[in-house]
$ cat data.txt   # compact mmCIF, C-alpha atoms
# COMPACT_ATOMS: atom_id res chain seq x y z
CA MET Z 1 -134.31 -82.58 -61.28
CA THR Z 2 -131.95 -79.83 -62.44
CA HIS Z 3 -128.45 -80.27 -63.83
CA ALA Z 4 -125.61 -78.00 -64.85
CA ALA Z 5 -125.08 -77.90 -68.61
CA PRO Z 6 -122.10 -79.85 -69.97
CA GLY Z 7 -119.07 -77.63 -70.36
CA SER Z 8 -120.62 -74.82 -68.31
CA ARG Z 9 -120.48 -73.83 -64.69
CA ALA Z 10 -123.64 -72.80 -62.91
CA PRO Z 11 -123.42 -69.86 -60.52
CA ASP Z 12 -122.52 -70.65 -56.94
CA ALA Z 13 -125.35 -70.79 -54.43
CA ASP Z 14 -125.97 -67.72 -52.29
CA TRP Z 15 -124.36 -69.23 -49.18
CA VAL Z 16 -121.14 -69.92 -51.12
CA GLN Z 17 -120.90 -66.41 -52.56
CA ARG Z 18 -121.60 -64.74 -49.20
CA PRO Z 19 -119.08 -65.66 -46.47
CA GLU Z 20 -120.67 -66.82 -43.22
CA ARG Z 21 -119.02 -64.12 -41.15
CA SER Z 22 -121.63 -64.46 -38.42
CA ASN Z 23 -120.77 -68.09 -37.68
CA MET Z 24 -116.98 -67.75 -37.61
CA ALA Z 25 -116.90 -64.37 -35.87
CA MET Z 26 -119.39 -65.43 -33.23
CA LEU Z 27 -117.53 -68.67 -32.61
CA GLY Z 28 -114.32 -66.77 -31.92
CA ILE Z 29 -115.99 -64.34 -29.53
CA MET Z 30 -117.95 -66.98 -27.65
CA SER Z 31 -114.93 -69.29 -27.34
CA TRP Z 32 -112.98 -66.54 -25.60
CA ILE Z 33 -115.86 -65.72 -23.25
CA SER Z 34 -116.70 -69.34 -22.47
CA LEU Z 35 -113.18 -70.46 -21.63
CA ARG Z 36 -112.57 -67.52 -19.33
CA LEU Z 37 -115.94 -66.78 -17.72
CA GLY Z 38 -117.82 -70.08 -17.71
CA ARG Z 39 -121.22 -70.96 -19.15
CA PRO Z 40 -123.53 -68.90 -16.84
CA ALA Z 41 -121.49 -65.73 -17.29
CA GLY Z 42 -121.02 -66.39 -20.98
CA ARG Z 43 -124.76 -66.69 -21.55
CA LEU Z 44 -125.22 -63.19 -20.15
CA VAL Z 45 -123.25 -61.91 -23.12
CA LEU Z 46 -125.33 -63.84 -25.63
CA CYS Z 47 -128.01 -61.16 -25.66
CA LEU Z 48 -125.45 -58.54 -26.73
CA ILE Z 49 -123.97 -60.84 -29.36
CA SER Z 50 -127.42 -61.68 -30.71
CA ALA Z 51 -128.46 -58.03 -30.75
CA TYR Z 52 -125.35 -57.11 -32.72
CA PHE Z 53 -126.06 -59.59 -35.50
CA LEU Z 54 -129.76 -58.80 -35.40
CA CYS Z 55 -128.97 -55.12 -36.09
CA PHE Z 56 -125.97 -55.40 -38.39
CA ALA Z 57 -126.65 -58.49 -40.52
CA PRO Z 58 -129.56 -57.31 -42.69
CA ALA Z 59 -129.34 -60.15 -45.23
CA ALA Z 60 -129.43 -62.78 -42.48
CA ARG Z 61 -132.27 -60.91 -40.78
CA ARG Z 62 -134.37 -60.89 -43.94
CA ALA Z 63 -133.74 -64.59 -44.50
CA ALA Z 64 -134.60 -65.40 -40.89
CA ARG Z 65 -137.85 -63.45 -41.12
CA ALA Z 66 -138.85 -65.23 -44.34
CA TYR Z 67 -138.07 -68.63 -42.83
CA LEU Z 68 -139.84 -67.96 -39.52
CA GLN Z 69 -142.99 -66.86 -41.30
CA ARG Z 70 -143.08 -70.29 -42.96
CA ALA Z 71 -142.21 -72.25 -39.82
CA LEU Z 72 -144.47 -70.33 -37.42
CA GLY Z 73 -147.34 -69.87 -39.85
CA ARG Z 74 -147.55 -66.16 -39.06
CA PRO Z 75 -145.53 -62.98 -39.59
CA ALA Z 76 -142.33 -62.99 -37.56
CA GLY Z 77 -141.77 -60.03 -35.23
CA TRP Z 78 -138.60 -58.64 -33.71
CA ARG Z 79 -138.99 -60.85 -30.64
CA ASP Z 80 -139.06 -63.92 -32.88
CA LEU Z 81 -135.98 -62.72 -34.74
CA ALA Z 82 -134.15 -62.04 -31.48
CA ARG Z 83 -134.97 -65.53 -30.20
CA HIS Z 84 -133.77 -67.03 -33.47
CA PHE Z 85 -130.40 -65.27 -33.29
CA PHE Z 86 -130.11 -66.07 -29.58
CA SER Z 87 -130.64 -69.78 -30.25
CA PHE Z 88 -127.93 -69.64 -32.89
CA SER Z 89 -125.45 -67.96 -30.57
CA ALA Z 90 -126.39 -70.30 -27.69
CA THR Z 91 -125.55 -73.41 -29.71
CA ILE Z 92 -122.22 -71.88 -30.73
CA HIS Z 93 -121.52 -71.00 -27.10
CA ASP Z 94 -122.33 -74.54 -25.97
CA ARG Z 95 -120.08 -75.95 -28.69
CA VAL Z 96 -117.06 -75.05 -26.58
CA TYR Z 97 -118.24 -77.26 -23.69
CA LEU Z 98 -119.53 -80.10 -25.86
CA LEU Z 99 -116.20 -80.34 -27.68
CA ASN Z 100 -114.54 -80.64 -24.28
CA ASP Z 101 -116.93 -83.46 -23.29
CA ARG Z 102 -118.69 -81.42 -20.60
CA PHE Z 103 -121.95 -83.26 -21.15
CA ASP Z 104 -122.63 -82.99 -17.41
CA LEU Z 105 -123.67 -79.37 -18.02
CA PHE Z 106 -126.59 -80.41 -20.21
CA ASP Z 107 -129.88 -82.27 -20.08
CA ILE Z 108 -129.83 -84.39 -23.26
CA GLU Z 109 -132.60 -86.73 -24.37
CA ILE Z 110 -132.38 -89.09 -27.34
CA GLU Z 111 -135.21 -90.03 -29.70
CA GLY Z 112 -134.76 -93.01 -32.01
CA ALA Z 113 -131.93 -94.47 -29.95
CA ALA Z 114 -132.78 -97.98 -31.20
CA LEU Z 115 -132.07 -96.89 -34.79
CA ILE Z 116 -128.57 -95.65 -34.07
CA GLU Z 117 -127.84 -98.66 -31.83
CA GLU Z 118 -128.85 -100.97 -34.67
CA LEU Z 119 -126.67 -99.11 -37.15
CA ILE Z 120 -123.65 -99.26 -34.84
CA ALA Z 121 -124.21 -102.94 -34.04
CA SER Z 122 -124.32 -103.89 -37.73
CA GLY Z 123 -120.62 -103.09 -38.07
CA ARG Z 124 -121.15 -102.20 -41.74
CA GLY Z 125 -121.16 -98.46 -41.23
CA GLY Z 126 -123.80 -96.11 -42.55
CA PHE Z 127 -124.69 -92.50 -43.19
CA LEU Z 128 -125.99 -89.84 -40.80
CA PHE Z 129 -127.64 -87.06 -42.78
CA GLY Z 130 -128.02 -83.83 -40.85
CA GLY Z 131 -128.42 -80.21 -41.82
CA HIS Z 132 -127.73 -76.68 -40.66
CA LEU Z 133 -130.22 -77.25 -37.89
CA GLY Z 134 -129.54 -77.18 -34.17
CA SER Z 135 -126.24 -78.49 -32.85
CA PHE Z 136 -124.17 -81.21 -34.46
CA GLU Z 137 -121.74 -81.25 -31.52
CA VAL Z 138 -124.41 -82.40 -29.05
CA THR Z 139 -124.67 -85.68 -30.98
CA ARG Z 140 -121.21 -86.47 -29.65
CA ALA Z 141 -123.10 -87.60 -26.55
CA ILE Z 142 -123.69 -90.90 -28.36
CA GLY Z 143 -119.96 -91.55 -28.02
CA ARG Z 144 -120.30 -91.82 -24.24
CA LYS Z 145 -121.99 -95.22 -24.66
CA HIS Z 146 -119.82 -96.23 -27.61
CA PRO Z 147 -116.28 -94.95 -26.98
CA ALA Z 148 -114.92 -96.90 -29.96
CA LEU Z 149 -117.42 -95.35 -32.34
CA ARG Z 150 -115.78 -93.66 -35.32
CA VAL Z 151 -117.64 -90.78 -36.95
CA VAL Z 152 -116.26 -89.27 -40.15
CA LEU Z 153 -117.60 -85.98 -41.49
CA THR Z 154 -117.80 -84.96 -45.13
CA MET Z 155 -117.93 -81.32 -46.13
CA TYR Z 156 -116.85 -78.89 -48.82
CA GLU Z 157 -113.15 -78.16 -48.70
CA ASP Z 158 -113.36 -74.48 -47.74
CA ASN Z 159 -115.75 -75.28 -44.90
CA ALA Z 160 -113.54 -78.17 -43.79
CA ARG Z 161 -110.56 -75.84 -43.53
CA LYS Z 162 -112.49 -73.25 -41.50
CA ILE Z 163 -114.04 -75.82 -39.18
CA SER Z 164 -110.71 -77.52 -38.55
CA ALA Z 165 -109.07 -74.20 -37.65
CA ALA Z 166 -111.92 -73.23 -35.34
CA LEU Z 167 -111.99 -76.58 -33.55
CA ASP Z 168 -108.22 -76.58 -33.14
CA ALA Z 169 -108.59 -73.31 -31.26
CA ILE Z 170 -111.18 -74.84 -28.92
CA ASN Z 171 -109.84 -78.35 -28.36
CA PRO Z 172 -107.38 -79.92 -30.82
CA ALA Z 173 -108.10 -83.37 -29.34
CA ALA Z 174 -111.76 -83.05 -30.36
CA ARG Z 175 -111.00 -82.34 -34.00
CA PRO Z 176 -113.12 -84.74 -36.05
CA GLU Z 177 -111.96 -86.80 -38.98
CA ILE Z 178 -113.03 -84.90 -42.10
CA ILE Z 179 -113.18 -86.00 -45.73
CA ALA Z 180 -113.10 -82.95 -48.01
CA LEU Z 181 -115.52 -83.22 -50.91
CA GLY Z 182 -114.56 -82.20 -54.43
CA HIS Z 183 -111.50 -84.45 -54.71
CA LEU Z 184 -111.28 -87.51 -56.93
CA ASP Z 185 -110.46 -89.77 -54.00
CA ALA Z 186 -113.26 -88.51 -51.73
CA MET Z 187 -115.58 -91.40 -52.61
CA LEU Z 188 -112.81 -93.93 -52.03
CA LYS Z 189 -112.13 -92.45 -48.59
CA VAL Z 190 -115.82 -92.61 -47.70
CA GLN Z 191 -115.99 -96.20 -48.91
CA ASP Z 192 -112.94 -97.13 -46.84
CA ALA Z 193 -114.40 -95.49 -43.72
CA LEU Z 194 -117.66 -97.41 -44.15
CA ALA Z 195 -115.81 -100.67 -44.68
CA ASN Z 196 -114.21 -100.13 -41.28
CA GLY Z 197 -117.57 -99.63 -39.59
CA ALA Z 198 -117.52 -95.84 -39.40
CA LEU Z 199 -120.59 -93.65 -39.51
CA VAL Z 200 -120.28 -90.94 -42.16
CA GLY Z 201 -121.93 -87.62 -41.33
CA VAL Z 202 -123.23 -85.42 -44.14
CA LEU Z 203 -124.93 -82.01 -44.03
CA ALA Z 204 -127.34 -82.72 -46.86
CA ASP Z 205 -129.40 -79.53 -46.98
CA ARG Z 206 -127.15 -77.31 -49.10
CA THR Z 207 -126.00 -77.31 -52.69
CA LEU Z 208 -123.03 -75.49 -54.19
CA GLY Z 209 -125.39 -74.33 -56.94
CA ARG Z 210 -123.74 -76.32 -59.72
CA GLU Z 211 -124.89 -79.87 -59.00
CA ALA Z 212 -127.96 -82.01 -59.52
CA THR Z 213 -130.89 -81.09 -57.29
CA LEU Z 214 -134.43 -82.23 -56.68
CA PRO Z 215 -137.19 -79.70 -55.88
CA VAL Z 216 -139.40 -80.94 -53.05
CA PRO Z 217 -141.92 -79.28 -50.71
CA LEU Z 218 -140.54 -77.72 -47.54
CA LEU Z 219 -142.69 -75.60 -45.22
CA GLY Z 220 -145.26 -75.00 -47.90
CA THR Z 221 -142.82 -73.87 -50.60
CA GLU Z 222 -140.67 -75.81 -53.03
CA ALA Z 223 -136.96 -75.98 -52.19
CA SER Z 224 -134.09 -77.62 -54.07
CA PHE Z 225 -132.03 -80.26 -52.30
CA PRO Z 226 -128.80 -81.76 -53.63
CA THR Z 227 -129.11 -85.38 -54.71
CA GLY Z 228 -125.36 -86.04 -54.54
CA PRO Z 229 -125.30 -87.29 -50.92
CA PHE Z 230 -128.19 -89.66 -51.62
CA ARG Z 231 -126.59 -90.96 -54.82
CA MET Z 232 -123.40 -91.63 -52.85
CA ALA Z 233 -125.32 -93.62 -50.21
CA ALA Z 234 -127.13 -95.55 -52.97
CA MET Z 235 -123.90 -96.37 -54.84
CA LEU Z 236 -122.26 -97.58 -51.63
CA ARG Z 237 -125.42 -99.50 -50.66
CA ARG Z 238 -125.65 -98.29 -47.07
CA PRO Z 239 -128.50 -97.29 -44.73
CA VAL Z 240 -129.15 -93.60 -44.06
CA LEU Z 241 -130.47 -92.05 -40.84
CA PHE Z 242 -131.62 -88.49 -40.33
CA MET Z 243 -129.84 -86.82 -37.43
CA ALA Z 244 -130.53 -83.57 -35.56
CA GLY Z 245 -129.49 -82.08 -32.22
CA LEU Z 246 -132.31 -79.68 -31.35
CA TYR Z 247 -131.73 -76.89 -28.84
CA LEU Z 248 -134.72 -76.59 -26.50
CA GLY Z 249 -133.57 -73.64 -24.43
CA GLY Z 250 -131.52 -73.37 -21.24
CA ASN Z 251 -129.32 -76.46 -21.02
CA ARG Z 252 -131.78 -78.80 -22.78
CA TYR Z 253 -131.15 -80.63 -26.05
CA ARG Z 254 -132.95 -83.37 -27.92
CA ILE Z 255 -131.03 -85.68 -30.24
CA ARG Z 256 -133.26 -87.19 -32.90
CA PHE Z 257 -132.65 -90.09 -35.26
CA GLU Z 258 -135.11 -91.12 -37.98
CA ARG Z 259 -134.85 -93.66 -40.75
CA ILE Z 260 -134.48 -92.16 -44.24
CA ALA Z 261 -133.59 -95.13 -46.44
CA ASP Z 262 -131.71 -98.41 -46.59
CA PHE Z 263 -129.99 -98.64 -49.95
CA SER Z 264 -128.36 -101.98 -49.16
CA THR Z 265 -131.36 -103.80 -50.64
CA VAL Z 266 -132.08 -101.45 -53.55
CA GLU Z 267 -131.36 -102.84 -57.02
CA ARG Z 268 -129.65 -100.67 -59.63
CA ASP Z 269 -132.78 -100.22 -61.76
CA GLN Z 270 -134.70 -98.99 -58.70
CA ARG Z 271 -132.01 -96.59 -57.56
CA GLY Z 272 -133.43 -93.43 -59.16
CA SER Z 273 -136.86 -93.69 -57.58
CA ALA Z 274 -135.34 -94.72 -54.24
CA ILE Z 275 -133.11 -91.64 -54.25
CA ASP Z 276 -136.07 -89.34 -55.01
CA ALA Z 277 -138.06 -90.92 -52.17
CA ALA Z 278 -135.11 -90.54 -49.79
CA VAL Z 279 -134.72 -86.83 -50.60
CA ARG Z 280 -138.41 -86.29 -49.89
CA THR Z 281 -138.18 -88.20 -46.61
CA TYR Z 282 -135.15 -86.14 -45.60
CA ALA Z 283 -136.99 -82.89 -46.34
CA SER Z 284 -139.97 -84.15 -44.35
CA CYS Z 285 -137.70 -84.86 -41.36
CA LEU Z 286 -136.26 -81.35 -41.62
CA GLU Z 287 -139.75 -79.86 -41.77
CA GLY Z 288 -140.85 -81.80 -38.70
CA CYS Z 289 -137.94 -80.39 -36.71
CA CYS Z 290 -138.63 -76.86 -37.96
CA ARG Z 291 -142.25 -77.08 -36.87
CA GLU Z 292 -141.34 -78.48 -33.48
CA ALA Z 293 -138.29 -76.31 -32.74
CA PRO Z 294 -138.47 -73.44 -35.27
CA PHE Z 295 -135.61 -71.38 -33.85
CA ASN Z 296 -133.08 -74.12 -34.66
CA TRP Z 297 -132.87 -73.36 -38.41
CA PHE Z 298 -129.45 -71.82 -39.08
CA ASN Z 299 -129.50 -71.32 -42.85
CA PHE Z 300 -129.37 -67.53 -42.74
CA PHE Z 301 -129.84 -66.97 -46.46
CA ASP Z 302 -132.73 -67.34 -48.91
CA PHE Z 303 -132.83 -71.11 -48.84
CA TRP Z 304 -135.88 -71.40 -51.06
CA GLN Z 305 -134.17 -69.58 -53.93
CA GLN Z 306 -131.43 -72.21 -54.24
CA ARG Z 307 -131.48 -73.71 -57.69
CA GLY Z 308 -129.09 -75.54 -59.93
CA ASP Z 309 -128.51 -74.29 -63.47
CA PRO Z 310 -131.94 -74.68 -65.17
CA ARG Z 311 -130.16 -75.74 -68.35
$ encode --input "data.txt" --output "structure tokens"
Amino acid sequence: MTHAAPGSRAPDADWVQRPERSNMAMLGIMSWISLRLGRPAGRLVLCLISAYFLCFAPAARRAARAYLQRALGRPAGWRDLARHFFSFSATIHDRVYLLNDRFDLFDIEIEGAALIEELIASGRGGFLFGGHLGSFEVTRAIGRKHPALRVVLTMYEDNARKISAALDAINPAARPEIIALGHLDAMLKVQDALANGALVGVLADRTLGREATLPVPLLGTEASFPTGPFRMAAMLRRPVLFMAGLYLGGNRYRIRFERIADFSTVERDQRGSAIDAAVRTYASCLEGCCREAPFNWFNFFDFWQQRGDPR
């Protein structure tokens, strides 16, 4: 496990230093198209949008090629890259409809439904650990069966501000409850949400570059994952489920839930090993999704070079 040295600040991770212009710019373009032209017409434009970013985002293109080679087990060609960017733009396009509860436009299947039903029924709250993989918005479909379900998202403050602004432009009523990380009271807010039976969503695949990480195998190469989200779940003694909304092409999505860990029964002296095991299980869940639906990985930077300060 790597840690930042006391009194020093490790360099920010690559994704923090490089603004995600592709995500925000594409969201703005696709929102305008979707609201005015409808989904079929909007999807005709996706090829042009994808081609633009394929040609004019060289850093993202290199990262996508490196990732696809790992996920596909072969060199990635231009057709693979185009499909990768198209999948990304398609999920952003569909976000407009999902945030407006137009689930009737989509064919959505759910794997592991019993796990999420059990977590909701417990009334104690719990964690949903996702990643920059597929569509988070499609998981809102769970709310159709549980209208009183409260989902709270945690994210870094800058991302929280951008997401809130973007969602306000699409549908202010769909704006999720967000707890911004990095504040002293963030843990207290998470604890309060859990105490009221909420499910707390965390994107657990990225590190700011100045926090504790654990290197674990991912697609045949070691990658560093932040341990902070897992330590938070362990301290608050709650169960953790893996969550992903995989885009399968056309109007098809698959929501997947898998069990990562249940820290409610873990004693303090066992917490360290339980956290390490949970990080490995999480990475294994991510890898399974990448093998099954490889074009759903939306970390368009050199993910495998993420490291905390080696000091």
$ residues_around --input "data.txt" --residues "Ala114 in chain Z" --least-positions-apart "2" --cutoff "12 Å" --atoms "only C-alpha atoms" --output "MDAnalysis selection string"
chainID Z and resid 110:112 116:121 142 241 256:259
$ write_last_selection --input "data.txt" --atoms "C-alpha atoms" --output "mmCIF file, keeping the file's coordinate frame"
data_model
loop_
_atom_site.group_PDB
_atom_site.id
_atom_site.type_symbol
_atom_site.label_atom_id
_atom_site.label_comp_id
_atom_site.auth_asym_id
_atom_site.auth_seq_id
_atom_site.Cartn_x
_atom_site.Cartn_y
_atom_site.Cartn_z
ATOM 1 C CA ILE Z 110 -132.380 -89.090 -27.340
ATOM 2 C CA GLU Z 111 -135.210 -90.030 -29.700
ATOM 3 C CA GLY Z 112 -134.760 -93.010 -32.010
ATOM 4 C CA ILE Z 116 -128.570 -95.650 -34.070
ATOM 5 C CA GLU Z 117 -127.840 -98.660 -31.830
ATOM 6 C CA GLU Z 118 -128.850 -100.970 -34.670
ATOM 7 C CA LEU Z 119 -126.670 -99.110 -37.150
ATOM 8 C CA ILE Z 120 -123.650 -99.260 -34.840
ATOM 9 C CA ALA Z 121 -124.210 -102.940 -34.040
ATOM 10 C CA ILE Z 142 -123.690 -90.900 -28.360
ATOM 11 C CA LEU Z 241 -130.470 -92.050 -40.840
ATOM 12 C CA ARG Z 256 -133.260 -87.190 -32.900
ATOM 13 C CA PHE Z 257 -132.650 -90.090 -35.260
ATOM 14 C CA GLU Z 258 -135.110 -91.120 -37.980
ATOM 15 C CA ARG Z 259 -134.850 -93.660 -40.750
#
$ residues_around --input "data.txt" --residues "Thr154 in chain Z" --least-positions-apart "4" --cutoff "6 Å" --atoms "all atoms listed in the file" --output "PyMOL selection string"
chain Z and resi 178-180+202
$ residues_around --input "data.txt" --residues "Asp101 in chain Z" --least-positions-apart "2" --cutoff "9 Å" --atoms "all atoms listed in the file" --output "PyMOL selection string"
chain Z and resi 97-99+103-104+140-141+174
$ atom_distance --input "data.txt" --atom1 "CA of Trp304 in chain Z" --atom2 "CA of Cys47 in chain Z"
28.5 Å
$ atom_distance --input "data.txt" --atom1 "CA of Leu133 in chain Z" --atom2 "CA of Asp302 in chain Z"
15.0 Å
$ atom_distance --input "data.txt" --atom1 "CA of Ile49 in chain Z" --atom2 "CA of Asn100 in chain Z"
22.5 Å
$ closest_atom_pairs --input "data.txt" --of "range 27-92 of chain Z" --to "range 280-287 of chain Z" --cutoff "12 Å" --atoms "only C-alpha atoms" --output "tab-separated table"
residue	atom	partner	partner_atom	distance
Z:Tyr67	CA	Z:Glu287	CA	11.4
Z:Arg70	CA	Z:Glu287	CA	10.2
Z:Ala71	CA	Z:Glu287	CA	8.2
Z:Leu72	CA	Z:Glu287	CA	11.5
$ closest_atom_pairs --input "data.txt" --of "range 92-114 of chain Z" --to "range 79-88 of chain Z" --cutoff "12 Å" --atoms "all atoms listed in the file" --output "JSON lines"
{"residue": "Z:Ile92", "atom": "CA", "partner": "Z:Phe88", "partner_atom": "CA", "distance": 6.5}
{"residue": "Z:His93", "atom": "CA", "partner": "Z:Phe88", "partner_atom": "CA", "distance": 8.7}
{"residue": "Z:Asp94", "atom": "CA", "partner": "Z:Phe88", "partner_atom": "CA", "distance": 10.2}
{"residue": "Z:Arg95", "atom": "CA", "partner": "Z:Phe88", "partner_atom": "CA", "distance": 10.9}
